[in-house]
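Raw contents of my_file-v2.txt, compact mmCIF, C-alpha atoms and all ligand atoms:
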# COMPACT_ATOMS: atom_id res chain seq x y z
CA MET A 1 -133.43 -108.80 7.17
CA LYS A 2 -134.65 -112.25 8.15
CA VAL A 3 -136.18 -112.27 11.61
CA LEU A 4 -137.24 -115.31 13.64
CA VAL A 5 -139.82 -115.16 16.44
CA VAL A 6 -139.87 -118.18 18.74
CA GLY A 7 -143.29 -118.93 20.30
CA ASN A 8 -146.83 -120.09 19.53
CA GLY A 9 -149.33 -117.77 21.16
CA GLY A 10 -151.18 -114.46 21.09
CA ARG A 11 -148.18 -112.66 22.55
CA GLU A 12 -146.00 -113.84 19.67
CA HIS A 13 -148.67 -112.80 17.17
CA ALA A 14 -148.67 -109.30 18.71
CA ILE A 15 -144.86 -109.15 18.54
CA ILE A 16 -144.97 -110.23 14.86
CA GLN A 17 -147.69 -107.71 13.90
CA SER A 18 -145.61 -105.01 15.57
CA LEU A 19 -142.34 -106.11 13.90
CA LYS A 20 -144.08 -106.17 10.52
CA LYS A 21 -144.24 -102.37 10.66
CA SER A 22 -140.44 -102.23 10.49
CA LYS A 23 -139.13 -101.37 7.03
CA LYS A 24 -135.85 -103.18 7.70
CA ILE A 25 -137.51 -106.61 7.78
CA ASP A 26 -137.95 -108.63 4.57
CA VAL A 27 -139.33 -111.80 6.09
CA ILE A 28 -140.50 -113.05 9.49
CA TYR A 29 -140.42 -116.72 10.47
CA ALA A 30 -142.24 -118.14 13.49
CA ILE A 31 -141.29 -121.32 15.35
CA ALA A 32 -143.75 -122.88 15.67
CA GLY A 33 -146.36 -120.18 15.28
CA ASN A 34 -150.00 -121.19 14.79
CA GLY A 35 -152.72 -121.08 12.14
CA GLY A 36 -153.36 -117.38 12.74
CA ILE A 37 -149.72 -116.36 12.91
CA ALA A 38 -149.39 -118.03 9.49
CA ASN A 39 -151.25 -114.96 8.15
CA ASP A 40 -148.35 -112.70 9.10
CA ALA A 41 -145.25 -114.93 9.12
CA ILE A 42 -143.84 -118.14 7.67
CA THR A 43 -144.40 -120.82 10.29
CA VAL A 44 -141.88 -123.60 10.90
CA ASP A 45 -142.96 -126.67 12.81
CA ILE A 46 -140.32 -127.20 15.52
CA ASN A 47 -141.07 -127.61 19.23
CA VAL A 48 -140.02 -124.38 21.01
CA LYS A 49 -138.57 -126.40 23.89
CA ASP A 50 -136.21 -128.20 21.51
CA VAL A 51 -133.80 -125.29 21.74
CA GLU A 52 -130.89 -127.04 19.98
CA LYS A 53 -133.09 -127.74 16.97
CA VAL A 54 -134.45 -124.18 16.96
CA ALA A 55 -130.90 -122.78 16.91
CA GLU A 56 -129.76 -125.22 14.24
CA TRP A 57 -132.68 -124.22 12.02
CA ALA A 58 -131.93 -120.52 12.59
CA ALA A 59 -128.27 -120.97 11.65
CA GLU A 60 -129.06 -123.07 8.57
CA ASN A 61 -131.55 -120.47 7.38
CA GLN A 62 -129.24 -117.50 8.02
CA ILE A 63 -131.50 -115.70 10.44
CA ASP A 64 -130.24 -112.15 11.10
CA PHE A 65 -132.07 -111.58 14.38
CA ALA A 66 -134.11 -113.79 16.73
CA VAL A 67 -136.74 -112.91 19.32
CA VAL A 68 -137.29 -115.61 21.92
CA ALA A 69 -140.61 -114.88 23.60
CA PRO A 70 -141.74 -117.74 25.91
CA ASP A 71 -140.32 -118.61 29.33
CA ASP A 72 -139.51 -122.27 28.63
CA PRO A 73 -136.98 -121.83 25.80
CA LEU A 74 -135.44 -118.83 27.60
CA VAL A 75 -134.93 -120.81 30.81
CA LEU A 76 -133.58 -123.70 28.71
CA GLY A 77 -130.93 -121.41 27.23
CA ALA A 78 -132.22 -120.78 23.69
CA VAL A 79 -130.53 -117.36 23.62
CA ASN A 80 -127.19 -118.80 24.78
CA ILE A 81 -127.23 -121.37 21.97
CA LEU A 82 -128.38 -118.88 19.30
CA ASN A 83 -125.66 -116.44 20.39
CA GLU A 84 -123.03 -119.21 20.22
CA LYS A 85 -124.07 -119.69 16.60
CA GLY A 86 -123.55 -115.99 15.98
CA ILE A 87 -127.23 -115.01 15.87
CA PRO A 88 -128.08 -111.83 17.78
CA CYS A 89 -131.19 -112.17 19.96
CA PHE A 90 -133.75 -110.27 21.94
CA GLY A 91 -134.19 -112.13 25.22
CA PRO A 92 -132.18 -113.01 28.31
CA THR A 93 -129.63 -115.79 28.61
CA LYS A 94 -130.56 -118.71 30.85
CA GLU A 95 -128.38 -117.25 33.60
CA ALA A 96 -130.65 -114.17 33.64
CA ALA A 97 -133.93 -115.98 32.84
CA ILE A 98 -133.63 -117.66 36.24
CA ILE A 99 -135.31 -114.52 37.61
CA GLU A 100 -138.54 -116.18 36.42
CA GLY A 101 -137.30 -119.79 36.32
CA SER A 102 -136.80 -119.99 40.07
CA LYS A 103 -139.04 -118.16 42.53
CA ILE A 104 -136.53 -118.99 45.29
CA PHE A 105 -133.80 -117.24 43.28
CA SER A 106 -135.97 -114.15 42.75
CA LYS A 107 -137.13 -113.96 46.37
CA ASN A 108 -133.55 -114.29 47.65
CA LEU A 109 -132.42 -111.64 45.15
CA MET A 110 -135.05 -109.22 46.43
CA LYS A 111 -134.11 -109.90 50.06
CA LYS A 112 -130.38 -109.45 49.37
CA TYR A 113 -130.88 -106.14 47.53
CA SER A 114 -133.76 -104.78 49.70
CA ILE A 115 -136.31 -104.76 46.86
CA PRO A 116 -139.83 -104.59 48.33
CA THR A 117 -141.71 -107.91 48.18
CA ALA A 118 -143.88 -110.12 50.41
CA GLU A 119 -142.19 -111.67 53.50
CA TYR A 120 -141.40 -115.32 52.84
CA GLU A 121 -139.67 -118.56 53.76
CA THR A 122 -138.45 -121.29 51.39
CA PHE A 123 -138.68 -125.04 51.96
CA SER A 124 -137.26 -128.20 50.43
CA ASP A 125 -138.76 -130.41 53.16
CA LYS A 126 -142.51 -131.01 53.25
CA ASP A 127 -142.76 -131.61 57.01
CA LYS A 128 -140.86 -128.41 57.80
CA ALA A 129 -143.16 -126.48 55.43
CA ILE A 130 -146.25 -127.86 57.17
CA GLU A 131 -144.80 -127.14 60.62
CA TYR A 132 -144.19 -123.54 59.52
CA LEU A 133 -147.75 -123.17 58.20
CA GLU A 134 -149.13 -123.95 61.69
CA LYS A 135 -147.66 -120.61 62.88
CA CYS A 136 -148.88 -118.50 59.93
CA ASP A 137 -151.84 -116.15 59.67
CA MET A 138 -154.33 -116.96 56.89
CA PRO A 139 -154.70 -116.33 53.99
CA ILE A 140 -151.21 -117.45 53.00
CA VAL A 141 -149.62 -117.88 49.57
CA ILE A 142 -147.82 -121.05 48.46
CA LYS A 143 -145.69 -120.97 45.29
CA ALA A 144 -143.92 -123.77 43.45
CA ASP A 145 -140.27 -122.78 42.86
CA GLY A 146 -140.10 -123.59 39.14
CA LEU A 147 -142.17 -122.89 36.01
CA ALA A 148 -145.72 -124.24 36.26
CA LEU A 149 -147.67 -122.76 33.34
CA GLY A 150 -148.81 -119.89 35.56
CA LYS A 151 -150.64 -122.31 37.84
CA GLY A 152 -148.00 -122.75 40.54
CA VAL A 153 -149.46 -120.15 42.93
CA ILE A 154 -152.08 -121.14 45.49
CA ILE A 155 -153.76 -118.68 47.82
CA ALA A 156 -154.98 -120.67 50.83
CA ASN A 157 -157.71 -119.22 53.03
CA THR A 158 -157.48 -121.90 55.72
CA LEU A 159 -154.70 -123.95 57.30
CA GLU A 160 -156.28 -127.06 55.76
CA GLU A 161 -156.09 -125.59 52.22
CA ALA A 162 -152.52 -124.47 52.84
CA LYS A 163 -151.43 -127.94 53.96
CA ASP A 164 -153.19 -129.49 50.96
CA ALA A 165 -151.34 -127.11 48.63
CA VAL A 166 -147.96 -128.03 50.11
CA LYS A 167 -148.80 -131.74 49.91
CA SER A 168 -149.98 -131.51 46.31
CA MET A 169 -146.75 -129.74 45.27
CA MET A 170 -144.18 -131.56 47.41
CA GLU A 171 -145.73 -135.03 47.86
CA ASP A 172 -148.07 -135.59 44.88
CA LYS A 173 -145.75 -133.53 42.61
CA VAL A 174 -148.59 -132.01 40.58
CA PHE A 175 -146.06 -129.62 39.03
CA GLY A 176 -143.33 -132.26 38.73
CA ALA A 177 -139.82 -131.07 39.64
CA SER A 178 -141.07 -127.44 39.70
CA GLY A 179 -142.75 -128.12 43.06
CA ALA A 180 -139.85 -129.93 44.76
CA ASN A 181 -139.10 -126.66 46.55
CA VAL A 182 -141.72 -124.12 47.60
CA VAL A 183 -141.96 -120.53 48.74
CA ILE A 184 -144.49 -119.70 51.43
CA GLU A 185 -145.23 -116.00 51.52
CA GLU A 186 -147.30 -113.31 53.15
CA PHE A 187 -150.65 -112.49 51.52
CA LEU A 188 -150.62 -108.95 50.17
CA THR A 189 -153.54 -106.74 49.17
CA GLY A 190 -153.98 -103.86 46.75
CA PRO A 191 -154.44 -103.20 43.03
CA GLU A 192 -152.19 -105.19 40.71
CA VAL A 193 -150.19 -103.58 37.92
CA SER A 194 -148.09 -105.18 35.19
CA VAL A 195 -145.11 -103.21 33.95
CA LEU A 196 -143.09 -104.63 31.07
CA SER A 197 -139.73 -102.99 30.49
CA PHE A 198 -136.97 -102.97 27.92
CA THR A 199 -133.51 -103.31 29.42
CA ASP A 200 -130.01 -103.92 28.14
CA GLY A 201 -128.48 -104.08 31.63
CA LYS A 202 -127.40 -100.42 31.49
CA THR A 203 -130.67 -98.62 30.80
CA LEU A 204 -134.21 -99.64 31.72
CA VAL A 205 -137.23 -98.21 29.90
CA PRO A 206 -140.65 -99.12 31.31
CA MET A 207 -143.40 -99.63 28.73
CA ILE A 208 -146.93 -98.35 29.20
CA SER A 209 -148.50 -99.99 32.30
CA SER A 210 -151.28 -102.55 32.02
CA MET A 211 -153.82 -104.58 34.01
CA ASP A 212 -154.46 -108.30 33.55
CA HIS A 213 -157.73 -110.13 34.38
CA LYS A 214 -156.65 -113.57 35.55
CA ARG A 215 -159.91 -115.18 36.70
CA ALA A 216 -162.13 -117.07 34.26
CA LEU A 217 -165.46 -115.44 35.15
CA ASP A 218 -166.92 -111.95 35.45
CA ASN A 219 -166.36 -110.06 38.73
CA ASP A 220 -163.01 -111.85 39.10
CA GLU A 221 -164.63 -115.13 40.04
CA GLY A 222 -163.83 -118.69 38.95
CA LEU A 223 -160.50 -120.36 38.32
CA ASN A 224 -157.19 -118.67 37.58
CA THR A 225 -156.35 -118.64 33.86
CA GLY A 226 -153.46 -117.50 31.70
CA GLY A 227 -155.35 -114.16 31.45
CA MET A 228 -158.82 -113.32 30.09
CA GLY A 229 -158.14 -109.74 29.04
CA THR A 230 -156.05 -106.65 29.59
CA VAL A 231 -156.23 -102.89 29.49
CA ALA A 232 -153.52 -100.25 29.17
CA PRO A 233 -152.63 -97.92 30.73
CA ASN A 234 -153.43 -99.04 34.29
CA PRO A 235 -155.19 -96.17 36.12
CA TYR A 236 -153.61 -97.09 39.47
CA TYR A 237 -150.12 -96.61 38.07
CA THR A 238 -149.85 -92.87 38.60
CA GLU A 239 -146.76 -90.78 37.91
CA SER A 240 -145.74 -90.82 41.55
CA VAL A 241 -146.16 -94.62 41.77
CA ALA A 242 -144.10 -94.95 38.57
CA LYS A 243 -141.32 -92.82 40.07
CA GLU A 244 -141.29 -94.87 43.27
CA CYS A 245 -141.19 -98.15 41.29
CA MET A 246 -138.29 -96.92 39.16
CA GLU A 247 -136.26 -95.94 42.24
CA LYS A 248 -137.09 -98.80 44.56
CA ILE A 249 -137.78 -101.72 42.22
CA PHE A 250 -136.85 -101.42 38.54
CA LEU A 251 -133.33 -99.96 38.67
CA PRO A 252 -132.38 -101.91 41.82
CA THR A 253 -133.44 -105.13 40.05
CA MET A 254 -131.40 -104.34 36.93
CA ASN A 255 -128.38 -103.48 39.10
CA ALA A 256 -128.84 -106.55 41.30
CA MET A 257 -128.75 -108.83 38.25
CA ASN A 258 -125.54 -107.10 37.11
CA GLN A 259 -124.01 -107.54 40.57
CA GLU A 260 -124.85 -111.24 40.45
CA GLY A 261 -123.10 -111.59 37.08
CA ARG A 262 -126.47 -112.27 35.43
CA THR A 263 -126.99 -109.15 33.31
CA PHE A 264 -130.57 -109.17 32.04
CA LYS A 265 -131.11 -108.14 28.41
CA GLY A 266 -134.62 -108.34 26.97
CA CYS A 267 -138.08 -107.68 28.36
CA LEU A 268 -138.16 -107.73 32.15
CA TYR A 269 -141.71 -107.96 33.45
CA PHE A 270 -142.65 -106.64 36.87
CA GLY A 271 -145.86 -108.01 38.40
CA LEU A 272 -146.57 -105.45 41.13
CA MET A 273 -149.06 -105.03 43.93
CA LEU A 274 -149.72 -101.51 45.18
CA THR A 275 -150.06 -102.34 48.88
CA PRO A 276 -150.91 -99.88 51.66
CA LYS A 277 -147.15 -99.99 52.44
CA GLY A 278 -146.14 -99.12 48.88
CA PRO A 279 -145.52 -101.06 45.66
CA LYS A 280 -144.17 -104.58 46.09
CA VAL A 281 -143.05 -107.22 43.60
CA ILE A 282 -145.43 -110.19 43.26
CA GLU A 283 -143.45 -111.81 40.48
CA TYR A 284 -140.83 -111.24 37.83
CA ASN A 285 -141.13 -112.67 34.34
CA CYS A 286 -138.17 -112.89 31.99
CA ARG A 287 -140.34 -112.09 28.94
CA PHE A 288 -143.30 -110.16 27.56
CA GLY A 289 -146.55 -110.92 29.46
CA ASP A 290 -149.47 -112.61 27.79
CA PRO A 291 -152.00 -111.00 27.28
CA GLU A 292 -150.35 -107.73 28.40
CA THR A 293 -148.33 -107.60 25.17
CA GLN A 294 -151.57 -107.55 23.19
CA VAL A 295 -152.41 -104.10 24.62
CA VAL A 296 -148.90 -102.71 25.12
CA LEU A 297 -147.37 -103.24 21.66
CA PRO A 298 -150.31 -101.84 19.65
CA LEU A 299 -149.70 -98.58 21.58
CA LEU A 300 -145.96 -98.51 20.79
CA LYS A 301 -144.99 -95.71 18.40
CA THR A 302 -141.28 -96.52 18.08
CA ASP A 303 -140.04 -99.21 15.67
CA LEU A 304 -139.94 -102.44 17.75
CA LEU A 305 -137.05 -103.95 15.80
CA GLU A 306 -134.93 -100.81 16.41
CA ILE A 307 -135.53 -101.15 20.16
CA MET A 308 -134.84 -104.89 20.19
CA GLN A 309 -131.59 -104.50 18.26
CA ALA A 310 -130.51 -101.67 20.55
CA VAL A 311 -131.15 -103.92 23.57
CA ALA A 312 -129.09 -106.73 22.04
CA GLU A 313 -126.26 -104.28 21.26
CA GLU A 314 -126.45 -102.57 24.68
CA ARG A 315 -127.26 -99.14 23.28
CA LEU A 316 -130.83 -98.75 24.50
CA SER A 317 -129.96 -95.29 25.88
CA GLU A 318 -129.78 -94.05 22.24
CA ILE A 319 -133.43 -94.89 21.53
CA ASN A 320 -136.39 -92.69 22.32
CA VAL A 321 -139.11 -95.24 23.17
CA GLU A 322 -142.53 -93.64 22.70
CA PHE A 323 -146.11 -94.79 23.25
CA LYS A 324 -149.33 -93.36 21.84
CA LYS A 325 -151.24 -91.30 24.38
CA LYS A 326 -154.25 -93.57 23.97
CA SER A 327 -155.88 -96.54 25.70
CA ALA A 328 -156.14 -100.15 24.62
CA CYS A 329 -158.36 -103.05 25.65
CA CYS A 330 -157.89 -106.73 24.77
CA VAL A 331 -160.72 -109.23 25.27
CA ILE A 332 -159.72 -112.89 25.16
CA MET A 333 -162.16 -115.10 23.25
CA ALA A 334 -161.71 -118.56 24.76
CA SER A 335 -163.19 -122.02 24.32
CA LYS A 336 -166.07 -122.63 26.74
CA GLY A 337 -164.75 -124.73 29.64
CA TYR A 338 -161.25 -123.19 29.68
CA PRO A 339 -159.12 -123.45 31.88
CA SER A 340 -160.55 -126.94 32.51
CA SER A 341 -161.67 -129.19 29.64
CA TYR A 342 -163.09 -127.85 26.37
CA ASP A 343 -163.88 -128.93 22.81
CA LYS A 344 -161.95 -127.61 19.83
CA GLY A 345 -161.88 -127.78 16.05
CA PHE A 346 -164.60 -125.17 15.37
CA GLU A 347 -164.31 -122.78 12.45
CA ILE A 348 -163.60 -119.14 13.30
CA ASN A 349 -165.47 -116.56 11.19
CA PHE A 350 -164.41 -112.94 10.92
CA LYS A 351 -166.73 -110.14 9.86
CA THR A 352 -164.12 -107.58 10.81
CA SER A 353 -160.54 -106.68 9.97
CA ARG A 354 -157.96 -108.99 11.56
CA LYS A 355 -155.65 -106.10 12.46
CA ASN A 356 -154.97 -106.25 16.20
CA VAL A 357 -156.73 -109.62 16.44
CA PHE A 358 -154.06 -111.87 17.93
CA VAL A 359 -154.44 -115.58 17.44
CA ALA A 360 -153.43 -117.73 20.41
CA GLY A 361 -154.94 -121.18 19.83
CA ALA A 362 -155.99 -121.97 16.26
CA LYS A 363 -154.84 -124.12 13.37
CA LEU A 364 -155.29 -123.89 9.61
CA GLU A 365 -156.99 -126.83 7.94
CA ASP A 366 -158.03 -126.77 4.25
CA GLY A 367 -157.78 -122.98 4.33
CA LYS A 368 -160.10 -122.72 7.34
CA LEU A 369 -159.04 -121.36 10.72
CA LEU A 370 -160.16 -123.78 13.45
CA THR A 371 -160.09 -123.36 17.24
CA ASN A 372 -157.24 -125.35 18.74
CA GLY A 373 -156.75 -124.19 22.33
CA GLY A 374 -158.25 -122.79 25.52
CA ARG A 375 -157.48 -119.20 24.72
CA VAL A 376 -158.29 -118.76 21.04
CA LEU A 377 -158.07 -115.04 20.19
CA GLY A 378 -157.06 -111.76 21.80
CA VAL A 379 -159.20 -109.01 20.32
CA THR A 380 -157.63 -105.59 20.84
CA ALA A 381 -158.98 -102.11 20.16
CA ILE A 382 -157.46 -98.68 20.68
CA SER A 383 -159.21 -95.42 21.42
CA SER A 384 -158.50 -92.00 22.87
CA ASN A 385 -159.83 -93.17 26.24
CA LEU A 386 -160.37 -96.43 28.09
CA LYS A 387 -164.15 -96.43 27.81
CA GLY A 388 -163.91 -96.05 24.05
CA ALA A 389 -161.31 -98.82 23.78
CA ILE A 390 -163.51 -101.23 25.77
CA LYS A 391 -166.56 -100.42 23.61
CA LYS A 392 -164.58 -100.91 20.40
CA ALA A 393 -163.04 -104.18 21.58
CA TYR A 394 -166.44 -105.67 22.43
CA LYS A 395 -167.88 -104.43 19.12
CA LYS A 396 -165.07 -106.25 17.33
CA VAL A 397 -165.69 -109.38 19.43
CA SER A 398 -169.36 -109.32 18.33
CA LYS A 399 -168.16 -109.59 14.72
CA ILE A 400 -166.11 -112.72 15.31
CA SER A 401 -167.80 -116.05 15.87
CA PHE A 402 -167.04 -119.69 16.54
CA ALA A 403 -168.96 -122.47 18.25
CA ASN A 404 -168.37 -122.74 22.00
CA ALA A 405 -166.90 -119.24 22.28
CA TYR A 406 -166.66 -117.74 25.75
CA TYR A 407 -165.36 -114.39 26.93
CA ARG A 408 -165.67 -112.22 30.00
CA SER A 409 -168.04 -109.29 29.61
CA ASP A 410 -166.35 -107.02 32.16
CA ILE A 411 -162.78 -106.56 30.88
CA GLY A 412 -161.74 -103.03 31.90
CA ALA A 413 -164.60 -102.50 34.38
CA ARG A 414 -162.23 -102.49 37.36
CA ALA A 415 -159.99 -99.95 35.65
CA LEU A 416 -162.94 -97.74 34.71
CA LYS A 417 -164.12 -97.81 38.31
CA ALA A 418 -160.79 -96.30 39.32
CA TYR A 419 -161.68 -93.35 37.05
CA GLY A 420 -165.18 -93.24 38.61
CA GLU A 421 -166.80 -94.61 35.43
CA LYS A 422 -168.78 -97.72 34.41
CA ILE A 423 -168.83 -99.82 31.23
P1 LIG B 501 -148.51 -115.53 39.47
O1 LIG B 501 -148.85 -116.86 38.87
O2 LIG B 501 -147.20 -115.50 40.18
O3 LIG B 501 -148.77 -114.40 38.52
O4 LIG B 501 -149.60 -115.31 40.63
C1 LIG B 501 -150.92 -115.39 40.33
C2 LIG B 501 -151.69 -114.39 41.12
O5 LIG B 501 -151.65 -114.75 42.51
C3 LIG B 501 -151.14 -112.98 41.11
O6 LIG B 501 -151.53 -112.27 39.97
C4 LIG B 501 -151.76 -112.41 42.36
O7 LIG B 501 -153.10 -112.03 42.10
C5 LIG B 501 -151.77 -113.57 43.28
N1 LIG B 501 -150.66 -113.51 44.23
C6 LIG B 501 -149.40 -113.96 44.07
N2 LIG B 501 -148.66 -113.69 45.17
C7 LIG B 501 -149.46 -113.06 46.04
C8 LIG B 501 -149.29 -112.53 47.37
N3 LIG B 501 -148.14 -112.60 48.03
N4 LIG B 501 -150.37 -111.95 47.96
C9 LIG B 501 -151.54 -111.87 47.32
N5 LIG B 501 -151.77 -112.35 46.09
C10 LIG B 501 -150.75 -112.95 45.45
N1 LIG B 502 -150.05 -112.25 32.19
C1 LIG B 502 -149.10 -112.78 33.08
C2 LIG B 502 -148.03 -113.55 32.44
O1 LIG B 502 -147.74 -113.44 31.27
O2 LIG B 502 -147.40 -114.33 33.15
Before anything else, please render the file you have as structure tokens.
Ligand code: AMP
Ligand code: GLY
Amino acid sequence: MKVLVVGNGGREHAIIQSLKKSKKIDVIYAIAGNGGIANDAITVDINVKDVEKVAEWAAENQIDFAVVAPDDPLVLGAVNILNEKGIPCFGPTKEAAIIEGSKIFSKNLMKKYSIPTAEYETFSDKDKAIEYLEKCDMPIVIKADGLALGKGVIIANTLEEAKDAVKSMMEDKVFGASGANVVIEEFLTGPEVSVLSFTDGKTLVPMISSMDHKRALDNDEGLNTGGMGTVAPNPYYTESVAKECMEKIFLPTMNAMNQEGRTFKGCLYFGLMLTPKGPKVIEYNCRFGDPETQVVLPLLKTDLLEIMQAVAEERLSEINVEFKKKSACCVIMASKGYPSSYDKGFEINFKTSRKNVFVAGAKLEDGKLLTNGGRVLGVTAISSNLKGAIKKAYKKVSKISFANAYYRSDIGARALKAYGEKI
């Protein structure tokens, strides 16, 4: 089989390394991939947002199955166009991807179907939004409606900050059209859990839970990033929490999308907060999380291609999806300065195996792998327990070097604390 994976980052590299274990696959292509992905797939230089071109290339090259991983091409309808050309895909259509593409859509969906989430109001008028803020308790959360590279959420501690956030989105248009409408919602507290799930619209199978580390610096300080590391499983996600989430959130969401005529097929990601009043949805993503995928897929025992094909063919109920009873930790090695400005173009040296080292931002030049992004590598290790996985991941990190490297030194510490342990 010829399989195409659409995407450029560490998540796509993890998907490709996992697919490579499938005996049914002869060749994997990546659009556009990156210098590290080129180690495991044939990379094809087409912009992932140019969905027509991606689909044309796939048809011309007789691709048997496509996996569309990032939010942008999904929201732009890459799966619709690939399907029209007769290419089966893993990933939602644009009608279903709206669950991530519009926060107003997802909030209204949750309200309509009584799925627990933060209280909220939506606004298309800046003055009305500001008037509303005057009556709110602080902190308050302001979210741009559309996609904003994970940066469209502002937690304001004072009324002044809240007004500034609304102005920057609705007046200064820092997120372009994505901020034309905003959601203003209640600030929730509690541990956060990411749960990725496979669903074909009939069956929903949650994957092993995970925990992201979004802030740039140790002790969860500094700016928000795309994610500086992950661990799986998440110790806060106990069996009873999992049961409650399945009953009150996961299945109701799958059914709600069916009711709306927007059946979701692919990976549905639940960003949850375990509040004192029970689990609530912080966000939905229409795709695998990054860097959650870098800890979840290395723990998957079942053939990923088999699951993805079953999802596409709406027979997920036939598959027994199994995970290793182990723990994983992924430490992101970034360029110093990320998520603000940083230098790139430095050679990456490995004194360790590259298995489970997922390349996010690097390019190949004259046979050398050079840094080419803010997040450069996701270094994952697996062990029988979390402490062991953390130790192994940092040991692996110590064997990889490039100029200007930066990584957090406390990935997993919060999770270990939940078990009463320290790094
Ligand atoms: P997102 O970009 O939607 O993943 O949001 C970024 C982060 O903002 C989340 O991981 C949460 O830590 C935080 N956040 C989002 N919504 C809320 C909320 N209603 N209350 C508290 N924190 C929130
Ligand atoms: N790690 C969160 C995301 O992928 O959006």
Give as a PyMOL selection string the residues surrounding ligand LIG 501 (chain B) up to a distance of 9 Å, considering only C-alpha atoms and all ligand atoms. chain A and resi 103+117-120+139-143+148-155+184-192+212-214+224+226+271-273+281-285
Which neighbours of range 342-359 of chain A fall inside 8 Å, counting only C-alpha atoms, when residues of the same chain fewer than 3 positions from it are skipped, and could you give them as a ChimeraX atom specification? /A:9-11,13-14,17,34-37,294,298,335-338,362,368-374,376-381,396,399-404
Nearby residues, ligand LIG 502 (chain B), 6 Å, all atoms listed in the file, as an mmCIF file with C-alpha atoms, in the frame of the given file:
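Listing of pocket.cif after writing:
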data_model
loop_
_atom_site.group_PDB
_atom_site.id
_atom_site.type_symbol
_atom_site.label_atom_id
_atom_site.label_comp_id
_atom_site.auth_asym_id
_atom_site.auth_seq_id
_atom_site.Cartn_x
_atom_site.Cartn_y
_atom_site.Cartn_z
ATOM 1 C CA GLY A 227 -155.350 -114.160 31.450
ATOM 2 C CA GLY A 289 -146.550 -110.920 29.460
ATOM 3 C CA ASP A 290 -149.470 -112.610 27.790
ATOM 4 C CA PRO A 291 -152.000 -111.000 27.280
ATOM 5 C CA GLU A 292 -150.350 -107.730 28.400
#
Using all atoms listed in the file, the best pick from A:Ser114, A:Asn157, A:Ser384, A:Ser102 as closest to Ala144 in chain A would be A:Ser102
Applying 9 Å and all atoms listed in the file, which residues near Val44 in chain A remain after dropping the ones on its own chain fewer than 6 positions away? List them as a list in words. Tyr29, Ala30, Ile31, Ala32 and Gly33 of chain A
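Residue nearest Val296 in chain A within the list A:Met169, A:Ile208, A:Cys267, A:Leu223: A:Ile208 [criterion: smallest interatomic distance, only C-alpha atoms].
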Closest of A:Gly261, A:Gly222, A:Pro70, A:Gly278 to Gly7 in chain A, counting all atoms listed in the file, is A:Pro70
Please identify all polymer residues within 12 Å of Met246 in chain A, counting only C-alpha atoms, omitting same-chain residues fewer than 2 positions from it, and present them as a list of chain:residue names. A:Ile115, A:Val195, A:Ser197, A:Thr203, A:Leu204, A:Val205, A:Pro206, A:Met207, A:Tyr237, A:Glu239, A:Ser240, A:Val241, A:Ala242, A:Lys243, A:Glu244, A:Lys248, A:Ile249, A:Phe250, A:Leu251, A:Pro252, A:Thr253, A:Met254, A:Asn255, A:Phe270, A:Pro279, A:Lys280
List every protein, DNA or RNA residue with an atom no more than 7 Å from (-134.9, -105.5, 25.4) in the file's coordinates, counting all atoms listed in the file, and format the result as a PDB file with C-alpha atoms, in the coordinates of the input.
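Resulting contents of out_33.pdb:
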ATOM      1  CA  PHE A  90    -133.750-110.270  21.940  1.00  0.00           C
ATOM      2  CA  GLY A  91    -134.190-112.130  25.220  1.00  0.00           C
ATOM      3  CA  PHE A 198    -136.970-102.970  27.920  1.00  0.00           C
ATOM      4  CA  THR A 199    -133.510-103.310  29.420  1.00  0.00           C
ATOM      5  CA  ASP A 200    -130.010-103.920  28.140  1.00  0.00           C
ATOM      6  CA  LYS A 265    -131.110-108.140  28.410  1.00  0.00           C
ATOM      7  CA  GLY A 266    -134.620-108.340  26.970  1.00  0.00           C
ATOM      8  CA  CYS A 267    -138.080-107.680  28.360  1.00  0.00           C
ATOM      9  CA  ILE A 307    -135.530-101.150  20.160  1.00  0.00           C
ATOM     10  CA  MET A 308    -134.840-104.890  20.190  1.00  0.00           C
ATOM     11  CA  VAL A 311    -131.150-103.920  23.570  1.00  0.00           C
ATOM     12  CA  ALA A 312    -129.090-106.730  22.040  1.00  0.00           C
TER      13      ALA A 312
END
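Between CA of Ala69 in chain A and CA of Val6 in chain A the interatomic distance comes to 5.9 Å.
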